[in-house]
$ cat my_file.txt   # compact mmCIF, C-alpha atoms and all ligand atoms
# COMPACT_ATOMS: atom_id res chain seq x y z
CA MET A 1139 63.04 33.03 187.46
CA PRO A 1140 59.61 31.87 186.18
CA ASP A 1141 56.61 33.10 188.12
CA ALA A 1142 55.53 30.22 190.41
CA THR A 1143 51.91 31.37 190.23
CA ALA A 1144 51.83 30.36 186.55
CA THR A 1145 51.57 26.70 187.60
CA MET A 1146 48.97 27.38 190.29
CA THR A 1147 45.21 27.52 189.92
CA MET A 1148 43.12 30.52 190.86
CA ASP A 1149 40.52 29.56 193.48
CA LYS A 1150 39.14 32.81 194.81
CA GLY A 1151 36.74 31.38 197.39
CA LEU A 1152 38.82 28.22 197.95
CA ASP A 1153 35.74 26.27 196.77
CA HIS A 1154 37.93 23.72 195.01
CA THR A 1155 40.70 23.42 197.57
CA ILE A 1156 41.01 20.83 200.32
CA ILE A 1157 43.31 22.27 202.94
CA GLY A 1158 43.86 19.21 205.08
CA GLU A 1159 42.29 16.19 206.71
CA SER A 1160 39.70 16.37 209.46
CA THR A 1161 37.76 13.91 211.58
CA LYS A 1162 35.35 16.50 212.99
CA SER A 1163 32.40 16.98 210.68
CA PHE A 1164 31.26 15.40 207.44
CA ILE A 1165 29.00 17.30 205.07
CA ASP A 1166 27.32 15.91 201.97
CA GLY A 1167 26.00 19.05 200.35
CA GLN A 1168 24.12 17.18 197.63
CA LYS A 1169 22.22 14.88 199.97
CA GLY A 1170 21.92 17.32 202.88
CA VAL A 1171 23.88 15.25 205.39
CA LEU A 1172 25.83 16.54 208.37
CA GLU A 1173 27.64 14.32 210.86
CA TYR A 1174 29.87 15.18 213.80
CA VAL A 1175 32.57 12.50 214.07
CA GLY A 1176 30.32 10.19 212.09
CA ILE A 1177 27.15 10.70 214.14
CA ASP A 1178 24.19 12.15 212.28
CA ILE A 1179 23.24 15.66 213.41
CA ASP A 1180 19.60 14.70 213.80
CA THR A 1181 20.52 11.90 216.22
CA LEU A 1182 22.74 14.25 218.21
CA ALA A 1183 20.00 16.91 218.34
CA ARG A 1184 17.54 14.34 219.68
CA SER A 1185 19.79 12.39 222.03
CA SER A 1186 22.87 14.38 223.03
CA THR A 1187 23.58 17.52 225.05
CA PHE A 1188 25.74 20.48 224.12
CA GLU A 1189 28.35 19.46 226.70
CA GLU A 1190 28.55 15.92 225.34
CA THR A 1191 28.77 17.27 221.78
CA CYS A 1192 31.68 19.50 222.79
CA PHE A 1193 33.49 16.48 224.22
CA LEU A 1194 32.76 14.55 221.03
CA LEU A 1195 34.20 17.27 218.82
CA LEU A 1196 37.27 17.77 220.97
CA ASN A 1197 38.03 14.07 221.49
CA ASP A 1198 36.58 12.35 218.41
CA ARG A 1199 34.45 10.01 220.54
CA LEU A 1200 31.55 10.05 222.96
CA PRO A 1201 32.50 10.21 226.64
CA ASP A 1202 31.59 7.62 229.25
CA ALA A 1203 29.67 8.94 232.27
CA ALA A 1204 32.77 9.73 234.34
CA GLU A 1205 34.46 11.49 231.43
CA LEU A 1206 31.38 13.59 230.77
CA ASP A 1207 31.16 14.56 234.44
CA ALA A 1208 34.80 15.55 234.49
CA PHE A 1209 34.51 17.54 231.26
CA THR A 1210 31.35 19.29 232.44
CA ALA A 1211 32.96 20.16 235.79
CA ARG A 1212 35.97 21.58 233.96
CA LEU A 1213 33.74 23.69 231.72
CA ARG A 1214 31.73 24.96 234.68
CA SER A 1215 34.86 25.87 236.62
CA ASN A 1216 35.42 28.41 233.82
CA TYR A 1217 31.91 29.92 233.86
CA ASP A 1218 32.66 32.85 236.13
CA LEU A 1219 34.71 35.90 235.20
CA SER A 1220 37.43 37.59 237.22
CA ASP A 1221 36.58 40.84 239.04
CA ARG A 1222 38.54 42.70 236.39
CA MET A 1223 36.52 41.05 233.62
CA TRP A 1224 33.22 41.90 235.34
CA ALA A 1225 34.37 45.51 235.65
CA ALA A 1226 35.43 45.54 231.99
CA VAL A 1227 32.04 44.24 230.78
CA ALA A 1228 30.37 46.95 232.85
CA ALA A 1229 32.65 49.63 231.38
CA LEU A 1230 31.81 48.83 227.76
CA PRO A 1231 29.60 51.25 225.85
CA PRO A 1232 26.01 49.92 226.07
CA GLU A 1233 25.44 50.70 222.40
CA ALA A 1234 28.32 48.42 221.33
CA ALA A 1235 27.52 45.48 219.04
CA PRO A 1236 27.50 42.30 221.17
CA MET A 1237 29.78 40.50 218.68
CA HIS A 1238 32.38 43.23 219.17
CA VAL A 1239 31.89 42.93 222.91
CA LEU A 1240 32.48 39.19 222.73
CA GLN A 1241 35.56 39.63 220.58
CA THR A 1242 36.98 42.22 222.98
CA MET A 1243 36.29 40.15 226.08
CA VAL A 1244 37.78 36.96 224.60
CA ALA A 1245 40.90 39.00 223.86
CA MET A 1246 40.84 40.11 227.49
CA LEU A 1247 40.80 36.48 228.64
CA ALA A 1248 44.21 36.25 227.00
CA LEU A 1249 45.50 39.24 228.99
CA GLU A 1250 44.63 37.49 232.22
CA ASP A 1251 45.96 34.05 231.36
CA PRO A 1252 49.48 33.52 232.70
CA ASP A 1253 49.64 30.52 230.36
CA CYS A 1254 48.79 32.55 227.27
CA ASP A 1255 52.22 32.02 225.76
CA ASN A 1256 52.39 28.36 226.74
CA GLN A 1257 52.07 26.67 223.37
CA SER A 1258 51.62 23.11 224.52
CA ARG A 1259 48.56 21.29 223.25
CA GLU A 1260 47.24 21.00 226.83
CA ALA A 1261 47.54 24.75 227.33
CA GLU A 1262 45.81 25.51 224.01
CA GLU A 1263 42.97 23.15 224.92
CA ALA A 1264 42.67 24.76 228.36
CA LYS A 1265 42.38 28.17 226.67
CA ALA A 1266 39.62 26.83 224.41
CA ILE A 1267 37.68 25.49 227.40
CA ARG A 1268 38.17 28.80 229.20
CA VAL A 1269 36.57 30.61 226.25
CA LEU A 1270 33.79 28.03 225.92
CA GLY A 1271 33.01 28.34 229.64
CA ALA A 1272 33.19 32.12 229.96
CA THR A 1273 31.34 33.16 226.81
CA PRO A 1274 27.77 32.78 228.19
CA ALA A 1275 28.51 35.09 231.17
CA ILE A 1276 30.01 37.71 228.86
CA ILE A 1277 27.10 37.79 226.41
CA ALA A 1278 24.27 37.50 228.93
CA ASN A 1279 25.68 40.07 231.32
CA PHE A 1280 26.56 42.61 228.67
CA ASP A 1281 22.91 42.39 227.66
CA ARG A 1282 21.75 42.83 231.27
CA LEU A 1283 24.04 45.78 231.88
CA ARG A 1284 22.96 47.59 228.72
CA ARG A 1285 19.35 47.16 229.90
CA GLY A 1286 20.29 48.82 233.20
CA LEU A 1287 20.05 45.56 235.18
CA GLU A 1288 22.44 44.16 237.76
CA PRO A 1289 24.73 41.38 236.54
CA VAL A 1290 23.87 37.78 237.44
CA ARG A 1291 26.74 35.42 238.16
CA PRO A 1292 26.69 31.91 236.69
CA ARG A 1293 25.81 28.96 238.93
CA GLY A 1294 28.09 25.94 238.81
CA GLU A 1295 25.20 23.46 238.72
CA ASP A 1296 23.65 24.74 235.46
CA ASN A 1297 24.39 23.41 232.00
CA VAL A 1298 25.48 25.98 229.41
CA ALA A 1299 21.99 26.61 228.01
CA THR A 1300 20.34 26.97 231.42
CA SER A 1301 23.18 29.09 232.74
CA PHE A 1302 22.97 31.48 229.80
CA LEU A 1303 19.19 31.88 230.02
CA ARG A 1304 19.28 32.29 233.81
CA MET A 1305 21.89 35.04 233.58
CA LEU A 1306 20.04 36.74 230.75
CA THR A 1307 16.63 36.84 232.43
CA GLY A 1308 17.54 36.54 236.10
CA GLU A 1309 15.09 33.64 236.37
CA THR A 1310 15.25 29.87 236.13
CA PRO A 1311 14.32 29.11 232.51
CA GLY A 1312 11.49 26.72 231.70
CA GLU A 1313 12.61 23.22 230.82
CA ALA A 1314 11.34 23.58 227.24
CA SER A 1315 13.28 26.83 226.64
CA ALA A 1316 16.50 25.44 228.12
CA LYS A 1317 16.14 22.28 226.04
CA ALA A 1318 15.42 24.31 222.89
CA LEU A 1319 18.56 26.38 223.37
CA ASP A 1320 20.61 23.27 224.16
CA VAL A 1321 19.51 21.72 220.85
CA CYS A 1322 20.32 24.93 218.96
CA LEU A 1323 23.80 24.87 220.51
CA ILE A 1324 24.29 21.28 219.32
CA LEU A 1325 23.15 22.16 215.79
CA HIS A 1326 25.55 25.11 215.52
CA ALA A 1327 28.60 23.51 217.17
CA ASP A 1328 30.55 22.60 214.04
CA HIS A 1329 30.39 22.77 210.30
CA GLY A 1330 33.58 21.80 208.53
CA ILE A 1331 35.95 24.47 207.32
CA ASN A 1332 33.48 27.33 207.11
CA ALA A 1333 34.88 30.87 206.95
CA SER A 1334 35.24 31.45 210.70
CA THR A 1335 36.73 28.01 211.35
CA PHE A 1336 39.19 28.63 208.55
CA ALA A 1337 40.12 31.87 210.30
CA THR A 1338 41.06 29.93 213.47
CA MET A 1339 43.20 27.61 211.38
CA VAL A 1340 45.03 30.50 209.72
CA VAL A 1341 45.81 31.95 213.15
CA MET A 1342 46.81 28.64 214.77
CA GLY A 1343 48.89 27.90 211.70
CA THR A 1344 51.22 30.75 212.63
CA GLU A 1345 51.72 29.20 216.10
CA SER A 1346 49.85 32.09 217.65
CA ASP A 1347 47.39 31.20 220.46
CA MET A 1348 43.82 30.00 220.91
CA TYR A 1349 42.50 33.37 222.12
CA SER A 1350 43.82 35.06 219.00
CA ALA A 1351 42.33 32.29 216.85
CA ILE A 1352 38.90 32.62 218.43
CA THR A 1353 38.82 36.43 218.31
CA ALA A 1354 39.56 36.18 214.58
CA ALA A 1355 36.76 33.63 214.22
CA ILE A 1356 34.26 35.82 216.07
CA GLY A 1357 35.03 38.71 213.73
CA THR A 1358 34.59 36.40 210.76
CA LEU A 1359 31.33 34.87 211.96
CA ARG A 1360 29.85 38.34 212.37
CA GLY A 1361 29.58 38.96 208.61
CA PRO A 1362 26.11 38.83 207.02
CA LEU A 1363 27.26 36.21 204.48
CA HIS A 1364 28.13 33.94 207.41
CA GLY A 1365 26.67 33.78 210.95
CA GLY A 1366 25.44 37.37 210.86
CA ALA A 1367 22.69 36.20 208.49
CA ASN A 1368 20.47 35.04 211.39
CA GLU A 1369 20.08 38.63 212.60
CA ARG A 1370 19.40 39.82 209.04
CA VAL A 1371 16.66 37.19 208.70
CA MET A 1372 14.89 38.58 211.74
CA TYR A 1373 15.17 42.21 210.60
CA MET A 1374 13.83 41.10 207.23
CA LEU A 1375 10.82 39.34 208.81
CA GLN A 1376 10.07 42.39 210.92
CA GLY A 1377 10.42 44.65 207.88
CA ILE A 1378 8.01 42.62 205.75
CA GLY A 1379 5.28 43.32 208.26
CA GLY A 1380 2.84 40.47 207.58
CA VAL A 1381 2.11 37.24 205.75
CA GLY A 1382 0.21 39.06 202.98
CA ALA A 1383 3.27 41.10 202.01
CA VAL A 1384 5.68 38.16 201.67
CA GLU A 1385 5.24 37.43 197.97
CA ASP A 1386 5.77 41.00 196.76
CA PHE A 1387 8.74 41.36 199.07
CA VAL A 1388 10.55 38.22 197.90
CA LEU A 1389 9.79 38.70 194.21
CA GLY A 1390 10.85 42.34 194.45
CA ARG A 1391 14.17 41.43 196.01
CA LEU A 1392 14.87 38.68 193.52
CA SER A 1393 14.02 40.94 190.58
CA ARG A 1394 16.56 43.45 191.89
CA LYS A 1395 19.11 40.59 192.20
CA GLU A 1396 19.19 41.04 195.97
CA LYS A 1397 19.79 37.99 198.14
CA ILE A 1398 17.40 36.76 200.79
CA PRO A 1399 19.26 36.21 204.08
CA GLY A 1400 19.05 32.67 205.45
CA PHE A 1401 19.07 31.06 201.98
CA GLY A 1402 21.87 29.50 200.00
CA HIS A 1403 25.07 27.85 201.06
CA ARG A 1404 28.48 27.34 199.59
CA VAL A 1405 28.35 23.59 200.32
CA TYR A 1406 24.68 22.60 200.59
CA LYS A 1407 22.82 22.45 197.34
CA ALA A 1408 20.08 20.35 199.00
CA ILE A 1409 18.34 21.53 202.15
CA ASP A 1410 20.63 22.14 205.10
CA PRO A 1411 19.75 19.34 207.58
CA ARG A 1412 20.06 21.81 210.45
CA ALA A 1413 17.37 23.95 208.82
CA THR A 1414 15.06 20.94 208.54
CA TYR A 1415 15.39 20.32 212.25
CA LEU A 1416 15.09 23.98 213.19
CA LYS A 1417 11.99 24.41 211.05
CA THR A 1418 10.01 21.92 213.16
CA PHE A 1419 11.44 23.51 216.25
CA ALA A 1420 10.63 27.05 215.15
CA GLU A 1421 7.05 26.03 214.39
CA SER A 1422 6.36 24.60 217.84
CA ILE A 1423 8.14 27.37 219.77
CA ALA A 1424 6.46 30.07 217.68
CA ALA A 1425 3.07 28.48 218.38
CA GLU A 1426 3.78 28.26 222.13
CA THR A 1427 4.87 31.88 222.32
CA GLY A 1428 2.30 33.53 220.05
CA ASN A 1429 4.74 34.12 217.19
CA GLU A 1430 2.81 32.08 214.61
CA ASP A 1431 2.91 34.94 212.11
CA LEU A 1432 6.69 34.88 212.07
CA PHE A 1433 6.64 31.20 211.28
CA ARG A 1434 3.95 31.65 208.60
CA MET A 1435 6.01 34.40 206.96
CA SER A 1436 9.07 32.16 207.02
CA ARG A 1437 7.15 29.30 205.42
CA GLY A 1438 5.82 31.72 202.80
CA ILE A 1439 9.32 32.94 201.97
CA GLU A 1440 10.56 29.34 201.72
CA GLU A 1441 7.75 28.37 199.33
CA ILE A 1442 8.35 31.32 197.01
CA MET A 1443 12.11 30.84 197.11
CA ASP A 1444 11.66 27.16 196.33
CA ALA A 1445 9.55 27.98 193.26
CA GLN A 1446 11.87 30.75 192.09
CA VAL A 1447 15.41 29.58 192.86
CA GLY A 1448 15.06 26.04 194.30
CA GLU A 1449 16.37 24.61 191.04
CA LYS A 1450 19.63 26.50 191.55
CA GLY A 1451 20.10 24.69 194.87
CA ILE A 1452 19.10 27.71 196.96
CA HIS A 1453 17.34 26.44 200.09
CA PRO A 1454 17.04 27.61 203.71
CA ASN A 1455 20.28 27.38 205.67
CA VAL A 1456 20.82 27.07 209.45
CA ASP A 1457 20.26 30.80 209.95
CA PHE A 1458 16.77 30.94 208.47
CA TYR A 1459 14.70 29.09 211.06
CA SER A 1460 17.10 29.74 213.94
CA ALA A 1461 16.01 33.40 213.71
CA THR A 1462 12.35 32.59 214.49
CA THR A 1463 13.43 30.09 217.15
CA TYR A 1464 15.63 32.59 218.99
CA PHE A 1465 13.12 35.42 218.68
CA SER A 1466 10.37 33.17 220.06
CA LEU A 1467 12.66 32.33 222.98
CA GLY A 1468 12.65 36.06 223.76
CA LEU A 1469 16.26 36.72 222.79
CA ALA A 1470 17.33 40.16 221.56
CA ILE A 1471 18.06 40.10 217.83
CA ASP A 1472 21.65 41.25 218.17
CA LEU A 1473 22.33 38.30 220.49
CA PHE A 1474 21.55 35.75 217.77
CA THR A 1475 25.05 35.72 216.28
CA PRO A 1476 26.80 35.79 219.69
CA ILE A 1477 24.75 32.71 220.64
CA PHE A 1478 25.95 31.08 217.43
CA ALA A 1479 29.51 31.93 218.54
CA MET A 1480 28.82 30.51 222.02
CA SER A 1481 28.19 27.18 220.36
CA ARG A 1482 30.69 27.35 217.49
CA ASN A 1483 33.49 27.89 220.03
CA ALA A 1484 33.46 24.09 220.19
CA GLY A 1485 34.04 23.57 216.46
CA TRP A 1486 36.57 26.40 216.29
CA ALA A 1487 38.59 24.82 219.08
CA ALA A 1488 38.28 21.31 217.67
CA HIS A 1489 39.59 22.32 214.24
CA ALA A 1490 42.25 24.65 215.64
CA LEU A 1491 43.59 21.83 217.84
CA GLU A 1492 43.43 19.40 214.95
CA ARG A 1493 45.54 21.84 212.97
CA PHE A 1494 47.85 22.23 215.94
CA ASP A 1495 48.52 18.48 215.81
CA ASP A 1496 49.38 18.56 212.11
CA ASN A 1497 50.35 22.09 211.32
CA ARG A 1498 51.43 23.77 208.14
CA LEU A 1499 51.54 27.54 207.82
CA ILE A 1500 48.65 28.63 205.60
CA ARG A 1501 50.12 30.90 202.99
CA PRO A 1502 48.26 31.13 199.68
CA ARG A 1503 49.37 33.29 196.77
CA CYS A 1504 47.60 35.77 194.57
CA GLN A 1505 48.03 36.56 190.92
CA TYR A 1506 49.78 39.94 190.82
CA THR A 1507 48.10 42.13 188.19
CA GLY A 1508 49.70 45.48 189.01
CA PRO A 1509 52.54 47.34 187.26
CA HIS A 1510 56.27 46.59 187.51
CA GLY A 1511 59.15 49.04 187.76
CA ALA A 1512 56.77 51.91 188.46
CA PRO A 1513 58.45 55.28 189.03
CA TYR A 1514 58.36 56.89 192.47
CA ILE A 1515 57.06 60.39 191.75
CA PRO A 1516 58.02 63.02 194.34
CA MET A 1517 55.06 64.57 196.18
CA ASP A 1518 55.30 68.00 194.53
CA GLU A 1519 55.24 66.44 191.05
CA ARG A 1520 52.11 64.28 191.52
N1 LIG A 1601 18.95 34.66 197.77
C1 LIG A 1601 18.78 34.70 196.43
N2 LIG A 1601 19.65 34.22 195.54
C2 LIG A 1601 20.74 33.64 196.02
C3 LIG A 1601 20.99 33.52 197.39
C4 LIG A 1601 20.04 34.06 198.27
N3 LIG A 1601 20.22 34.01 199.59
N4 LIG A 1601 22.16 32.91 197.59
C5 LIG A 1601 22.66 32.65 196.38
N5 LIG A 1601 21.81 33.08 195.42
C6 LIG A 1601 22.01 32.99 193.97
C7 LIG A 1601 23.03 34.03 193.52
O1 LIG A 1601 22.40 35.25 193.22
C8 LIG A 1601 23.63 33.35 192.33
O2 LIG A 1601 22.73 33.47 191.27
P1 LIG A 1601 23.27 33.60 189.75
O3 LIG A 1601 24.01 32.32 189.50
O4 LIG A 1601 22.03 33.73 188.95
O5 LIG A 1601 24.15 34.80 189.73
C9 LIG A 1601 23.67 31.88 192.74
O6 LIG A 1601 22.61 31.73 193.69
C10 LIG A 1601 24.98 31.47 193.38
O7 LIG A 1601 25.23 32.36 194.47
P2 LIG A 1601 26.66 32.69 195.07
O8 LIG A 1601 26.54 33.89 195.96
O9 LIG A 1601 27.69 32.74 194.01
O10 LIG A 1601 26.90 31.39 195.91
P3 LIG A 1601 27.98 31.25 197.03
O11 LIG A 1601 28.29 29.82 197.15
O12 LIG A 1601 29.12 32.17 196.84
O13 LIG A 1601 27.18 31.83 198.27
C11 LIG A 1601 26.26 32.36 200.28
C12 LIG A 1601 26.86 31.24 199.42
C13 LIG A 1601 27.31 33.48 200.50
C14 LIG A 1601 25.91 31.76 201.63
C15 LIG A 1601 25.01 32.95 199.56
O14 LIG A 1601 24.06 31.93 199.33
C16 LIG A 1601 24.37 34.09 200.36
O15 LIG A 1601 24.85 35.22 200.30
N6 LIG A 1601 23.30 33.79 201.16
C17 LIG A 1601 22.66 34.79 201.97
C18 LIG A 1601 23.44 35.01 203.27
C19 LIG A 1601 23.33 33.82 204.20
O16 LIG A 1601 22.25 33.33 204.49
N7 LIG A 1601 24.49 33.42 204.75
C20 LIG A 1601 24.55 32.32 205.75
C21 LIG A 1601 25.16 31.08 205.18
S1 LIG A 1601 25.13 29.77 206.38
C22 LIG A 1601 26.33 30.20 207.46
O17 LIG A 1601 27.30 30.78 207.14
C23 LIG A 1601 26.12 29.90 208.89
$ encode --input "my_file.txt" --output "structure tokens"
Amino acid sequence: MPDATATMTMDKGLDHTIIGESTKSFIDGQKGVLEYVGIDIDTLARSSTFEETCFLLLNDRLPDAAELDAFTARLRSNYDLSDRMWAAVAALPPEAAPMHVLQTMVAMLALEDPDCDNQSREAEEAKAIRVLGATPAIIANFDRLRRGLEPVRPRGEDNVATSFLRMLTGETPGEASAKALDVCLILHADHGINASTFATMVVMGTESDMYSAITAAIGTLRGPLHGGANERVMYMLQGIGGVGAVEDFVLGRLSRKEKIPGFGHRVYKAIDPRATYLKTFAESIAAETGNEDLFRMSRGIEEIMDAQVGEKGIHPNVDFYSATTYFSLGLAIDLFTPIFAMSRNAGWAAHALERFDDNRLIRPRCQYTGPHGAPYIPMDER
């Protein structure tokens, strides 16, 4: 029989493969456009809320007031954790990476859900909303516990951003900080079939369950080529030490063919519109919180990168200025990627459910390049 792979094309990073239809987000990588269900990201960042954006992504339309209230109430009814979950967060090693903590605790949500094996669309959506609601309490309270502080339970009247910051600090956040985080959550909520979203689709494609899909996505987002880049950006800025050292640092890295975290994107060859928004944001928050040097270093890196590799389409991506923004908000560096996950839960769920509605098992092939008919050599003869 002829080898079927002979008629197939090799597409190692799936850059040239469209794996289905989607109504969730539109990206024009040449013009630097991002829309969620047709609405420009800049408009959403200025006018929407994270809760409304979640509804939009899940339902392909904006809610009316009653629908938004009902959705928000449903989300908030999932904020708190069970006693067993609280005990589990407290039992985790304090030195654990928060992304691993999040992955573990989302898997634990599955253990507690009597509907885990209910594969109806309603049940899968309910699981997604459970994860979306519970994630802030998991991340914030793991951070509190590792700092030797008592946990803080979520309050039903807070939106996601306020709830997260209140649990993290134990205090009511300032309006500006809560708004800043809310906007960051909107900007990170969806982005087409990026690597972690693809992971959810692979899992849902096997008719597994939403918890399994999201734990796979969390593990995927963690990588430094994907969401993990925001933490690397911050470590890089701290390592550079000061504005005066930026040029040598960047040129040195480029001459050694090392990448600069927070730059480049598989789809965007113009500036990432999320980065444009976050840049303005990072500047004002850095100024308010005395982190001007961080912003100046970031600008310096951007200018040198533009001169050196701008022509190749290498520009700041969403992770570059979100690092300064989160740091200026007083967030621990290893919480940057979990916060990304807190938001991207929405996009993961939206795409996973879209796939659920029109499923086909994802099963690519590879070109086998190994031997055939190889002998099995007994152990004592090897
Ligand atoms: N710094 C310097 N040069 C870069 C960078 C960078 N950050 N990114 C790409 N390049 C260069 C490559 O060296 C390569 O140059 P060459 O053609 O001379 O060999 C060229 O640009 C193409 O790079 P690839 O890695 O092949 O592009 P790809 O589409 O595979 O990569 C990726 C996209 C993985 C995001 C890459 O730009 C990168 O590693 N960036 C740094 C990590 C990062 O910020 N990731 C977050 C992405 S956004 C997100 O996931 C939320």
$ closest_residue --input "my_file.txt" --among "A:Glu1430, A:Asp1296, A:Asp1153, A:Asp1180" --to "ligand LIG 1601 (chain A)" --atoms "only C-alpha atoms and all ligand atoms"
A:Asp1153
$ residues_near_ligand --input "my_file.txt" --ligand "ligand LIG 1601 (chain A)" --cutoff "9 Å" --atoms "only C-alpha atoms and all ligand atoms" --output "VMD selection string"
chain A and resid 1151 1153 1326 1329 1332 to 1334 1359 1361 to 1368 1370 to 1371 1391 to 1392 1395 to 1406 1410 1443 1447 1450 to 1458 1478
$ closest_residue --input "my_file.txt" --among "A:Leu1467, A:Val1321, A:Leu1416, A:Met1339" --to "Gly1428 (chain A)" --atoms "all atoms listed in the file"
A:Leu1467
$ closest_residue --input "my_file.txt" --among "A:Leu1182, A:Leu1375, A:Val1384, A:Met1348" --to "Asp1255 (chain A)" --atoms "only C-alpha atoms"
A:Met1348
$ residues_around --input "my_file.txt" --residues "Tyr1459 (chain A)" --least-positions-apart "4" --cutoff "7 Å" --atoms "only C-alpha atoms" --output "list in words"
Ala1413, Leu1416, Lys1417, Ala1420 and Thr1463 of chain A
$ residues_around --input "my_file.txt" --residues "Asp1198 (chain A)" --least-positions-apart "4" --cutoff "10 Å" --atoms "all atoms listed in the file" --output "ChimeraX atom specification"
/A:1161-1163,1174-1176,1191-1194,1488
$ residues_around --input "my_file.txt" --residues "Ile1477 (chain A)" --least-positions-apart "5" --cutoff "12 Å" --atoms "only C-alpha atoms" --output "PyMOL selection string"
chain A and resi 1236-1237+1240+1270+1273-1278+1298-1299+1302-1303+1306+1319-1320+1322-1327+1356+1359-1360+1365-1366+1368-1369+1457+1460-1461+1464+1469-1472+1482-1483
